[in-house]
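Heads up, the thing below is written out as structure tokens.
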Amino acid sequence: MPGTGEVAGAGAASGPGSPPAAEVAAPKGGADQRPSTAIVTAPNAISFARLLLMPVCAWLLATGRYGTGLWLTALVGATDWVDGWLARRTGRVSRLGQLLDPLADRLLIASVAIALVARGVLPWPAVALLVGRDIVLLAGFPLLSRRGVRPPDVVRVGKAATFDLLFALPTLVVGETGLALAPAAHVIGLALLWAGVALYYVAGVVYVRMALEGLRAARAGA
């Protein structure tokens with residue numbers, strides 16, 4: 001995963017009319033806003049809270065407590081944008097926050113996905129593809145670090161993939177309930193899931209390209 005590189009609101013576009021993928025948009029808080037080294041901030045506290053609640057979400061879903069698990073997972077997922085927005089709004093953007101926010105996204109998706117695989121709700125090939133991409137990208141982090149290259153920041157397609165998956169997983173949970181809309185939720189959830197997997201890999205290709213450009217720039221400046 002770009003995991004630690006996927007930072008809310010710092011996306012670089014990859015579509016027509018947008019800046020090249022390697023160019024990172026300025027923070028919304030202002031062009032001069034630079035990440036601080038602060039640790040104890042309100043945005044970071046929200047990210048930490050999300051991390052602490054993830055095992056609870058996974059346990060509730062893995063044990064078939066779909067009602068409570070669904071609401072808690074939806075609540076944790078809904079705060080995805082809050083920490084980044086609050087950091088930019090208050091001028092408290094920090095390097096730790098830029099690591100925690102995307103890490104929380106990745107871990108929420110992974111923990112809930114594994115819990116749902118254990119219940120037979122989620123197809124294991126989808127989970128294998130999601131986790132596999134993250135492992136491959138993480139394996140490249142030591143190389144980037146040794147060359148003095150920072151992991152890529154988020155691109156919009158990466159945030160779109162996260163947004164899609166955070167909708168797909170709860171929708172699949174609804175599909176396992178006894179509600180009248182469960183059959184429709186199951187079909188919609190699977191469609192969203194595979195769309196999210198596709199976007200996940202499109203983002204992965206962009207991150208690899210950005211990393212390679214960073215390595216080339218580092219060699220040129222050596």
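Residues in the structure tokens are numbered from 1 in each chain, the chains being A, B, ... in the order shown, and ligands are numbered from 1 in the order shown.
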
Checklist entry - Running DSSP on the backbone, which parts of region 24-143 of chain A land in helix (DSSP H, G or I), as a PyMOL selection string? => result chain A and resi 42-62+66-78+80-90+95-118+124-139+141-143

Just the selected residues (C-alpha atoms), exported as a short mmCIF file (atom, residue, chain, number, x, y, z; two decimals), in the first residue's frame, please.
```cif
data_model
loop_
_atom_site.label_atom_id
_atom_site.label_comp_id
_atom_site.auth_asym_id
_atom_site.auth_seq_id
_atom_site.Cartn_x
_atom_site.Cartn_y
_atom_site.Cartn_z
CA ALA A 42 -6.59 16.96 17.74
CA PRO A 43 -6.34 15.51 14.19
CA ASN A 44 -3.78 12.94 15.35
CA ALA A 45 -6.01 12.02 18.28
CA ILE A 46 -8.85 11.27 15.85
CA SER A 47 -6.54 9.07 13.77
CA PHE A 48 -5.36 7.22 16.88
CA ALA A 49 -8.98 6.67 17.93
CA ARG A 50 -9.74 5.17 14.54
CA LEU A 51 -6.79 2.80 14.90
CA LEU A 52 -7.94 1.71 18.37
CA LEU A 53 -11.50 1.03 17.22
CA MET A 54 -10.53 -1.11 14.22
CA PRO A 55 -9.98 -4.36 16.17
CA VAL A 56 -13.36 -3.82 17.80
CA CYS A 57 -15.02 -3.44 14.37
CA ALA A 58 -13.30 -6.58 13.11
CA TRP A 59 -14.22 -8.61 16.20
CA LEU A 60 -17.89 -7.59 16.05
CA LEU A 61 -18.16 -8.52 12.38
CA ALA A 62 -16.15 -11.74 12.70
CA TYR A 66 -23.53 -7.35 12.24
CA GLY A 67 -25.80 -4.66 13.65
CA THR A 68 -23.33 -3.15 16.10
CA GLY A 69 -20.36 -3.95 13.88
CA LEU A 70 -21.94 -2.22 10.89
CA TRP A 71 -22.74 0.97 12.78
CA LEU A 72 -19.30 1.17 14.39
CA THR A 73 -17.52 0.46 11.10
CA ALA A 74 -19.62 3.12 9.36
CA LEU A 75 -18.78 5.60 12.13
CA VAL A 76 -15.04 4.89 11.95
CA GLY A 77 -15.10 5.05 8.14
CA ALA A 78 -17.06 8.31 8.17
CA ASP A 80 -11.84 9.32 7.34
CA TRP A 81 -12.04 12.90 6.11
CA VAL A 82 -12.40 14.56 9.52
CA ASP A 83 -8.78 14.38 10.69
CA GLY A 84 -7.37 15.68 7.40
CA TRP A 85 -9.98 18.44 7.14
CA LEU A 86 -9.42 19.50 10.75
CA ALA A 87 -5.64 19.54 10.32
CA ARG A 88 -5.87 21.81 7.28
CA ARG A 89 -8.59 23.98 8.80
CA THR A 90 -6.65 24.62 12.01
CA ARG A 95 4.12 14.50 9.39
CA LEU A 96 2.72 12.02 11.92
CA GLY A 97 -0.81 12.84 10.80
CA GLN A 98 0.17 12.38 7.17
CA LEU A 99 1.30 8.87 8.11
CA LEU A 100 -1.55 7.96 10.47
CA ASP A 101 -4.46 9.02 8.24
CA PRO A 102 -3.73 6.71 5.28
CA LEU A 103 -2.48 3.97 7.60
CA ALA A 104 -5.83 4.04 9.38
CA ASP A 105 -7.63 3.76 6.02
CA ARG A 106 -5.61 0.75 4.96
CA LEU A 107 -5.89 -1.04 8.30
CA LEU A 108 -9.65 -0.47 8.52
CA ILE A 109 -10.18 -1.97 5.07
CA ALA A 110 -7.81 -4.87 5.79
CA SER A 111 -9.22 -5.71 9.23
CA VAL A 112 -12.85 -5.57 8.15
CA ALA A 113 -12.11 -7.50 4.96
CA ILE A 114 -10.35 -10.30 6.87
CA ALA A 115 -13.21 -10.46 9.37
CA LEU A 116 -15.73 -10.77 6.53
CA VAL A 117 -13.66 -13.46 4.82
CA ALA A 118 -13.74 -15.40 8.08
CA TRP A 124 -11.03 -14.32 -0.65
CA PRO A 125 -9.54 -13.47 -4.09
CA ALA A 126 -10.60 -9.84 -3.59
CA VAL A 127 -8.93 -9.68 -0.20
CA ALA A 128 -5.79 -11.37 -1.54
CA LEU A 129 -5.57 -8.74 -4.30
CA LEU A 130 -6.04 -5.85 -1.87
CA VAL A 131 -3.53 -7.11 0.67
CA GLY A 132 -1.10 -8.25 -2.05
CA ARG A 133 -0.90 -4.79 -3.60
CA ASP A 134 -0.16 -3.23 -0.24
CA ILE A 135 2.56 -5.77 0.55
CA VAL A 136 4.27 -5.15 -2.80
CA LEU A 137 4.24 -1.38 -2.35
CA LEU A 138 5.38 -1.60 1.27
CA ALA A 139 8.30 -3.77 0.20
CA PHE A 141 9.64 1.58 1.10
CA PRO A 142 13.12 0.55 2.34
CA LEU A 143 14.55 1.21 -1.14
#
```

Item to check | Distance query Pro35 (chain A) at most 8 Å, only C-alpha atoms, self and fewer than 6 positions along chain excluded, as a PyMOL selection string | outcome: chain A and resi 92-95

Limited to N, CA and C atoms, could you put the picked residues into a file as a JSON list (two decimals), in the first residue's frame?
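Ended up saving to part_2.json:
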```json
[["chain", "number", "residue", "atom", "x", "y", "z"],
["A", 92, "ARG", "N", -2.87, 22.55, 11.61],
["A", 92, "ARG", "CA", -2.12, 21.59, 12.43],
["A", 92, "ARG", "C", -1.71, 20.37, 11.61],
["A", 93, "VAL", "N", -1.38, 20.57, 10.35],
["A", 93, "VAL", "CA", -0.90, 19.46, 9.52],
["A", 93, "VAL", "C", 0.45, 19.00, 10.06],
["A", 94, "SER", "N", 0.60, 17.70, 10.30],
["A", 94, "SER", "CA", 1.86, 17.17, 10.83],
["A", 94, "SER", "C", 2.30, 15.96, 10.02],
["A", 95, "ARG", "N", 3.60, 15.69, 10.08],
["A", 95, "ARG", "CA", 4.12, 14.50, 9.39],
["A", 95, "ARG", "C", 3.50, 13.24, 9.98]]
```

Sorted by chain and rising residue number, which residues of region 112-162 of chain A lie within 9 Å of region 204-220 of chain A, and what are their closest atom pairs and distances in Å to one decimal, counting only C-alpha atoms, as JSON lines?
```
{"residue": "A:Arg133", "atom": "CA", "partner": "A:Gly204", "partner_atom": "CA", "distance": 7.2}
{"residue": "A:Asp134", "atom": "CA", "partner": "A:Gly204", "partner_atom": "CA", "distance": 8.5}
{"residue": "A:Leu137", "atom": "CA", "partner": "A:Gly204", "partner_atom": "CA", "distance": 7.7}
{"residue": "A:Gly140", "atom": "CA", "partner": "A:Ala211", "partner_atom": "CA", "distance": 8.9}
{"residue": "A:Leu144", "atom": "CA", "partner": "A:Leu215", "partner_atom": "CA", "distance": 7.2}
{"residue": "A:Arg147", "atom": "CA", "partner": "A:Ala218", "partner_atom": "CA", "distance": 6.9}
{"residue": "A:Gly148", "atom": "CA", "partner": "A:Ala218", "partner_atom": "CA", "distance": 7.4}
{"residue": "A:Val149", "atom": "CA", "partner": "A:Gly214", "partner_atom": "CA", "distance": 6.1}
{"residue": "A:Arg150", "atom": "CA", "partner": "A:Gly214", "partner_atom": "CA", "distance": 8.0}
{"residue": "A:Pro151", "atom": "CA", "partner": "A:Ala211", "partner_atom": "CA", "distance": 6.9}
{"residue": "A:Pro152", "atom": "CA", "partner": "A:Tyr207", "partner_atom": "CA", "distance": 6.1}
{"residue": "A:Asp153", "atom": "CA", "partner": "A:Tyr207", "partner_atom": "CA", "distance": 8.2}
{"residue": "A:Val154", "atom": "CA", "partner": "A:Tyr207", "partner_atom": "CA", "distance": 8.2}
{"residue": "A:Val155", "atom": "CA", "partner": "A:Val206", "partner_atom": "CA", "distance": 7.9}
{"residue": "A:Val157", "atom": "CA", "partner": "A:Val206", "partner_atom": "CA", "distance": 8.9}
{"residue": "A:Gly158", "atom": "CA", "partner": "A:Gly204", "partner_atom": "CA", "distance": 7.9}
```

Next on the checklist: Which residues are near Pro170 (chain A)? Cut-off 8 Å, only C-alpha atoms, ignore same chain within fewer than 2 positions. Put them as a PyMOL selection string.
Outcome noted: chain A and resi 70+73-74+166-168+172-174+189
